[in-house]
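Trainee: Below is the structure I would like to discuss, written out as structure tokens.
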Amino acid sequence: MAGISRPRGTDDLLPEPLARMARVLDAGLEVASGFGYRQVETPIFEATELFVRGVGDSTDVVTREMYTFADRGGRSLTLRPEGTAPVVRAFWESDLRQAPLPVRLSYAGAMFRYDRPGKGRYRQFHQFGVEAIGDSEPELDAEVIAVAWRWLQGLGVEGISLQLNSIGDQECRPAYRQALLDYFEPLASQLPALDRERLRRNPLRVLDSKELAASGLLEGAPRTVDHLCSSCREAFERVRLALTAYGIPFQMNHRLVRGLDYYVRTAFEVWHEQLQGAQNSLFGGGRYDGLSELLGYPPAPGVGFAAGLERVAMLAPTVPAGPPPALAVLSAPPADPGAAIAAADRVRRRGIQVLCDAGGRSLRAKLSWAERAGVRGVLILGESELERRTVTARLLADRTQVELPLRALEEAVPAWLEGAKAVGEGTR
RNA sequence: GUGGCUAUAGCUCAGUUGGUUAGAGUGCCAGGUUGUGGCCCUGGAGGUCGAGGGUUCAAGUCCCUCUAGCCACCCCA
């Protein structure tokens, strides 16, 4: 088709899907609010440094997957690829840091990643998430999970499972990493080149390697939970106890990891049975006690999750679409179209959604159009009505019509619609 | 970033081994007598066959490049 099409990996949110997503998001914000999480909104772009520091030497992410540009002042800026670093930044740059800890925050908005697009994977997509900052109590990890879980439950999403793991912290992870390397050392010759490279660059990532999972070489690999230090072990136990108290079932997943060093202890994802392979994760989260310092701030523990709104909306059971406008006001040519316009405007002031067609098409065409638009009734203003200072009010369902006084439209129309609704319900 | 599949009206798709002015359904607009809708009938608008090159007397159909979508991999903060 001629014309300019949208950039690769973007999507137009049309009325139906947008209404769906908005409903899904509202539900999330409400659940979060019930747990004391208050919404914040950070800029859509940030200093590039904010994201580079967080991901460190993950070169792919930095060099390949960020929307980075220089503004006219020569500053390097980046469209936000995720929400956690900005929220932590906002925490330190505001008086939130003086609030009693933890500070509970939620956020939602567009994120940008220069990925290869695919189904359910866009370069501009939308996330909803919560962060609890300034408290390292394990019960908080469970709380964050509970917010996510209650949200999905409330939406009626079926077939979900909570995948849970603990990946240790600065104290015990080095030893675990070594154990992992020791295990794979003698197997090096059997490893695909890709996994040898992973082992060198980001050892934990071999645990979720697809090739290795298929080969069975992972079966005997050491598990993070067996190498936790005592404090991590105790914390994980408390997370599980708290989840039990919430009544939230979970599945231990020893291959669930995070690729970045600032993540510690609890890591979780929620999977859906209908989502396949690379996109089976509805959302993920974890504890990021090391992030604040990486960003150049004083230490501050934190835990949170982020969910892809597109995917959640896709899985939420059908949300009833917003009702169509109740009324259409039609002029019947050659009557003065201004009368229809004015009448429509008056009825709208009563809070009724009104479509108006004051154009030159035939009344037949307008009625046919109103029918397809799904309105319950129409008001017709033609020459004879104007002469009598009335409007013809017609119900589409039973083809009955009455005349209402033009002068008292504001009262007559709502009353007429109410009466029609009562009759309609009575016959059901 | 790598490999594979795909690309024809707004939408869903047909288009035989390359062969005249490219079709259907649906949607859209109009008409079926003078101001009254869902069905039906008739008509109309709408496509440089994703874009650009090439082969050929002839390309929607074959070849190349690009773009976009989908799938797998990479990555997934």
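Order determines the names: the first chain of the structure tokens is A, the second B, and so forth; residues in each chain are numbered 1 upward, and ligands are numbered 1 upward as they are shown.
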Would you give me, as a PyMOL selection string, the residues in region 156-327 of chain A that DSSP reads as helix (DSSP H, G or I)?
Mentor: chain A and resi 173-190+193-201+203-208+210-215+224-227+230-246+277-279+291-294+309-315
Trainee: Would you write out those residues with C-alpha atoms, as a PDB file, in the first residue's frame?
Mentor:
```pdb
ATOM      1  CA  ARG A 173      27.431 -16.816  44.355  1.00  0.00           C
ATOM      2  CA  PRO A 174      31.181 -16.805  43.575  1.00  0.00           C
ATOM      3  CA  ALA A 175      31.486 -20.257  45.097  1.00  0.00           C
ATOM      4  CA  TYR A 176      28.467 -21.471  43.166  1.00  0.00           C
ATOM      5  CA  ARG A 177      29.813 -20.050  39.947  1.00  0.00           C
ATOM      6  CA  GLN A 178      33.038 -21.954  40.524  1.00  0.00           C
ATOM      7  CA  ALA A 179      31.124 -25.140  41.200  1.00  0.00           C
ATOM      8  CA  LEU A 180      29.312 -24.670  37.921  1.00  0.00           C
ATOM      9  CA  LEU A 181      32.569 -24.141  36.046  1.00  0.00           C
ATOM     10  CA  ASP A 182      34.093 -27.178  37.729  1.00  0.00           C
ATOM     11  CA  TYR A 183      31.156 -29.295  36.649  1.00  0.00           C
ATOM     12  CA  PHE A 184      31.336 -28.284  33.015  1.00  0.00           C
ATOM     13  CA  GLU A 185      35.132 -28.263  32.748  1.00  0.00           C
ATOM     14  CA  PRO A 186      35.446 -31.968  31.934  1.00  0.00           C
ATOM     15  CA  LEU A 187      32.424 -31.721  29.613  1.00  0.00           C
ATOM     16  CA  ALA A 188      33.856 -28.843  27.615  1.00  0.00           C
ATOM     17  CA  SER A 189      34.419 -30.946  24.519  1.00  0.00           C
ATOM     18  CA  GLN A 190      30.748 -31.959  24.432  1.00  0.00           C
ATOM     19  CA  ALA A 193      30.374 -23.503  21.016  1.00  0.00           C
ATOM     20  CA  LEU A 194      27.624 -21.154  22.080  1.00  0.00           C
ATOM     21  CA  ASP A 195      27.488 -22.628  25.555  1.00  0.00           C
ATOM     22  CA  ARG A 196      31.269 -22.607  25.960  1.00  0.00           C
ATOM     23  CA  GLU A 197      31.091 -18.895  25.235  1.00  0.00           C
ATOM     24  CA  ARG A 198      28.243 -18.469  27.709  1.00  0.00           C
ATOM     25  CA  LEU A 199      30.201 -20.286  30.355  1.00  0.00           C
ATOM     26  CA  ARG A 200      33.043 -17.872  29.876  1.00  0.00           C
ATOM     27  CA  ARG A 201      30.992 -14.683  29.800  1.00  0.00           C
ATOM     28  CA  PRO A 203      28.127 -18.771  33.570  1.00  0.00           C
ATOM     29  CA  LEU A 204      24.677 -18.765  35.186  1.00  0.00           C
ATOM     30  CA  ARG A 205      23.106 -18.385  31.777  1.00  0.00           C
ATOM     31  CA  VAL A 206      24.078 -21.896  30.740  1.00  0.00           C
ATOM     32  CA  LEU A 207      21.349 -23.061  33.093  1.00  0.00           C
ATOM     33  CA  ASP A 208      18.598 -21.848  30.779  1.00  0.00           C
ATOM     34  CA  LYS A 210      17.917 -24.584  25.283  1.00  0.00           C
ATOM     35  CA  GLU A 211      20.497 -26.757  23.623  1.00  0.00           C
ATOM     36  CA  LEU A 212      21.864 -27.993  26.928  1.00  0.00           C
ATOM     37  CA  ALA A 213      18.432 -28.719  28.304  1.00  0.00           C
ATOM     38  CA  ALA A 214      17.814 -30.923  25.297  1.00  0.00           C
ATOM     39  CA  SER A 215      21.170 -32.671  25.611  1.00  0.00           C
ATOM     40  CA  THR A 224      21.965 -22.663  43.176  1.00  0.00           C
ATOM     41  CA  VAL A 225      19.805 -23.618  46.134  1.00  0.00           C
ATOM     42  CA  ASP A 226      22.402 -26.181  47.258  1.00  0.00           C
ATOM     43  CA  HIS A 227      25.093 -23.525  47.445  1.00  0.00           C
ATOM     44  CA  SER A 230      23.164 -19.429  55.582  1.00  0.00           C
ATOM     45  CA  SER A 231      21.577 -15.996  55.354  1.00  0.00           C
ATOM     46  CA  CYS A 232      20.367 -16.630  51.786  1.00  0.00           C
ATOM     47  CA  ARG A 233      19.053 -20.008  52.810  1.00  0.00           C
ATOM     48  CA  GLU A 234      17.140 -18.551  55.704  1.00  0.00           C
ATOM     49  CA  ALA A 235      15.770 -15.751  53.528  1.00  0.00           C
ATOM     50  CA  PHE A 236      14.568 -18.181  50.899  1.00  0.00           C
ATOM     51  CA  GLU A 237      12.856 -20.264  53.522  1.00  0.00           C
ATOM     52  CA  ARG A 238      11.018 -17.188  54.730  1.00  0.00           C
ATOM     53  CA  VAL A 239       9.957 -16.314  51.191  1.00  0.00           C
ATOM     54  CA  ARG A 240       8.444 -19.753  50.782  1.00  0.00           C
ATOM     55  CA  LEU A 241       6.695 -19.579  54.121  1.00  0.00           C
ATOM     56  CA  ALA A 242       5.211 -16.214  53.237  1.00  0.00           C
ATOM     57  CA  LEU A 243       4.021 -17.504  49.871  1.00  0.00           C
ATOM     58  CA  THR A 244       2.342 -20.359  51.663  1.00  0.00           C
ATOM     59  CA  ALA A 245       0.646 -17.878  53.947  1.00  0.00           C
ATOM     60  CA  TYR A 246      -0.682 -16.103  50.866  1.00  0.00           C
ATOM     61  CA  GLY A 277       9.423 -21.013  24.071  1.00  0.00           C
ATOM     62  CA  ALA A 278      11.072 -17.651  24.134  1.00  0.00           C
ATOM     63  CA  GLN A 279       7.931 -15.900  25.225  1.00  0.00           C
ATOM     64  CA  LEU A 291      21.455  -2.071  41.813  1.00  0.00           C
ATOM     65  CA  SER A 292      21.390   1.150  43.793  1.00  0.00           C
ATOM     66  CA  GLU A 293      25.146   1.177  44.351  1.00  0.00           C
ATOM     67  CA  LEU A 294      25.835   0.287  40.730  1.00  0.00           C
ATOM     68  CA  LEU A 309       0.851  -5.662  29.355  1.00  0.00           C
ATOM     69  CA  GLU A 310       0.339  -6.890  25.793  1.00  0.00           C
ATOM     70  CA  ARG A 311       0.795 -10.486  26.844  1.00  0.00           C
ATOM     71  CA  VAL A 312      -1.335 -10.248  29.949  1.00  0.00           C
ATOM     72  CA  ALA A 313      -4.101  -8.532  28.009  1.00  0.00           C
ATOM     73  CA  MET A 314      -3.873 -11.277  25.395  1.00  0.00           C
ATOM     74  CA  LEU A 315      -4.501 -13.946  28.038  1.00  0.00           C
TER      75      LEU A 315
END
```
Trainee: Select residues of chain A: the criterion is any atom within 6 Å of an atom of chain B, counting only C-alpha atoms (C1' of nucleotides); output as a list in words.
Mentor: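 Contact residues on the first chain: Leu367, Ser368 and Glu371 of chain A.
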Trainee: Write out as JSON, numbers by chain the set of residues from region 228-405 of chain A that DSSP, computed on the backbone, places in strand (DSSP E).
Mentor: {"A": [251, 252, 264, 265, 266, 267, 268, 269, 270, 271, 272, 281, 282, 283, 284, 285, 286, 287, 302, 303, 304, 305, 306, 307, 308, 327, 328, 329, 330, 331, 354, 355, 356, 357, 377, 378, 379, 380, 381, 390, 391, 392, 393, 394, 395, 401, 402, 403, 404, 405]}
Trainee: If I take CA of Gln170 (chain A) and CA of Asn202 (chain A), how far is one from the other in Å, to one decimal?
Mentor: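 Between CA of Gln170 (chain A) and CA of Asn202 (chain A) the gap works out to 15.1 Å.
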Trainee: Skip Gly284 (chain A) itself and residues of its chain fewer than 2 positions away, then list as a VMD selection string all residues within 7 Å of it, counting only C-alpha atoms (C1' of nucleotides).
Mentor: chain A and resid 268 to 270 305 to 307
Trainee: Could you check the closest approach to Gly377 (chain A) for each of A:Tyr297, A:Val329, A:Gly419, A:Ala408 and tell me which residue wins, using only C-alpha atoms?
Mentor: A:Val329
Trainee: Contacts of Arg389 (chain A) at 12 Å or less, counting only C-alpha atoms (C1' of nucleotides), minus same-chain residues fewer than 3 places along, as a PyMOL selection string?
Mentor: chain A and resi 339+343+380-386+392+403-409
Trainee: May I have the residues within 12 Å of region 17-23 of chain B as a ChimeraX atom specification, using only C-alpha atoms (C1' of nucleotides) and disregarding those fewer than 4 positions away in the same chain?
Mentor: /B:8-9,13,47,49,55-62
Trainee: Return the single residue from A:Ile341, A:Leu330, A:Leu140, A:Ala300 that is closest to Ala365 (chain A), with distances computed using only C-alpha atoms.
Mentor: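 Closest to Ala365 (chain A) of all the choices is A:Leu330.
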Trainee: Excluding same-chain residues fewer than 4 positions from Phe35 (chain A), what lies within 10 Å of it counting only C-alpha atoms (C1' of nucleotides), as a list in words?
Mentor: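 After dropping sequence-adjacent residues, the list is Leu29, Glu30, Val31, Arg104, Glu143, Val144, Ala146 and Val147 of chain A.
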Trainee: Please produce a file of those selected residues containing N, CA, C and O atoms, as a short mmCIF file (atom, residue, chain, number, x, y, z; two decimals), in the first residue's frame.
Mentor:
```cif
data_model
loop_
_atom_site.label_atom_id
_atom_site.label_comp_id
_atom_site.auth_asym_id
_atom_site.auth_seq_id
_atom_site.Cartn_x
_atom_site.Cartn_y
_atom_site.Cartn_z
N LEU A 29 -3.12 -1.71 38.79
CA LEU A 29 -2.87 -0.55 39.64
C LEU A 29 -3.72 -0.63 40.91
O LEU A 29 -3.27 -0.26 42.00
N GLU A 30 -4.92 -1.17 40.74
CA GLU A 30 -5.81 -1.25 41.88
C GLU A 30 -5.33 -2.29 42.88
O GLU A 30 -5.34 -2.05 44.09
N VAL A 31 -4.91 -3.44 42.38
CA VAL A 31 -4.38 -4.47 43.27
C VAL A 31 -3.15 -3.93 44.00
O VAL A 31 -3.02 -4.04 45.22
N ARG A 104 6.90 1.83 48.61
CA ARG A 104 6.22 0.95 47.65
C ARG A 104 5.71 1.76 46.47
O ARG A 104 4.88 2.67 46.65
N GLU A 143 5.49 -10.56 49.02
CA GLU A 143 4.42 -9.57 48.82
C GLU A 143 4.36 -9.12 47.36
O GLU A 143 3.28 -9.02 46.77
N VAL A 144 5.53 -8.85 46.80
CA VAL A 144 5.58 -8.43 45.41
C VAL A 144 5.00 -9.51 44.50
O VAL A 144 4.23 -9.23 43.57
N ALA A 146 2.84 -11.64 45.41
CA ALA A 146 1.40 -11.70 45.69
C ALA A 146 0.65 -10.64 44.90
O ALA A 146 -0.45 -10.88 44.40
N VAL A 147 1.23 -9.45 44.77
CA VAL A 147 0.59 -8.41 43.98
C VAL A 147 0.37 -8.92 42.55
O VAL A 147 -0.72 -8.83 42.00
#
```
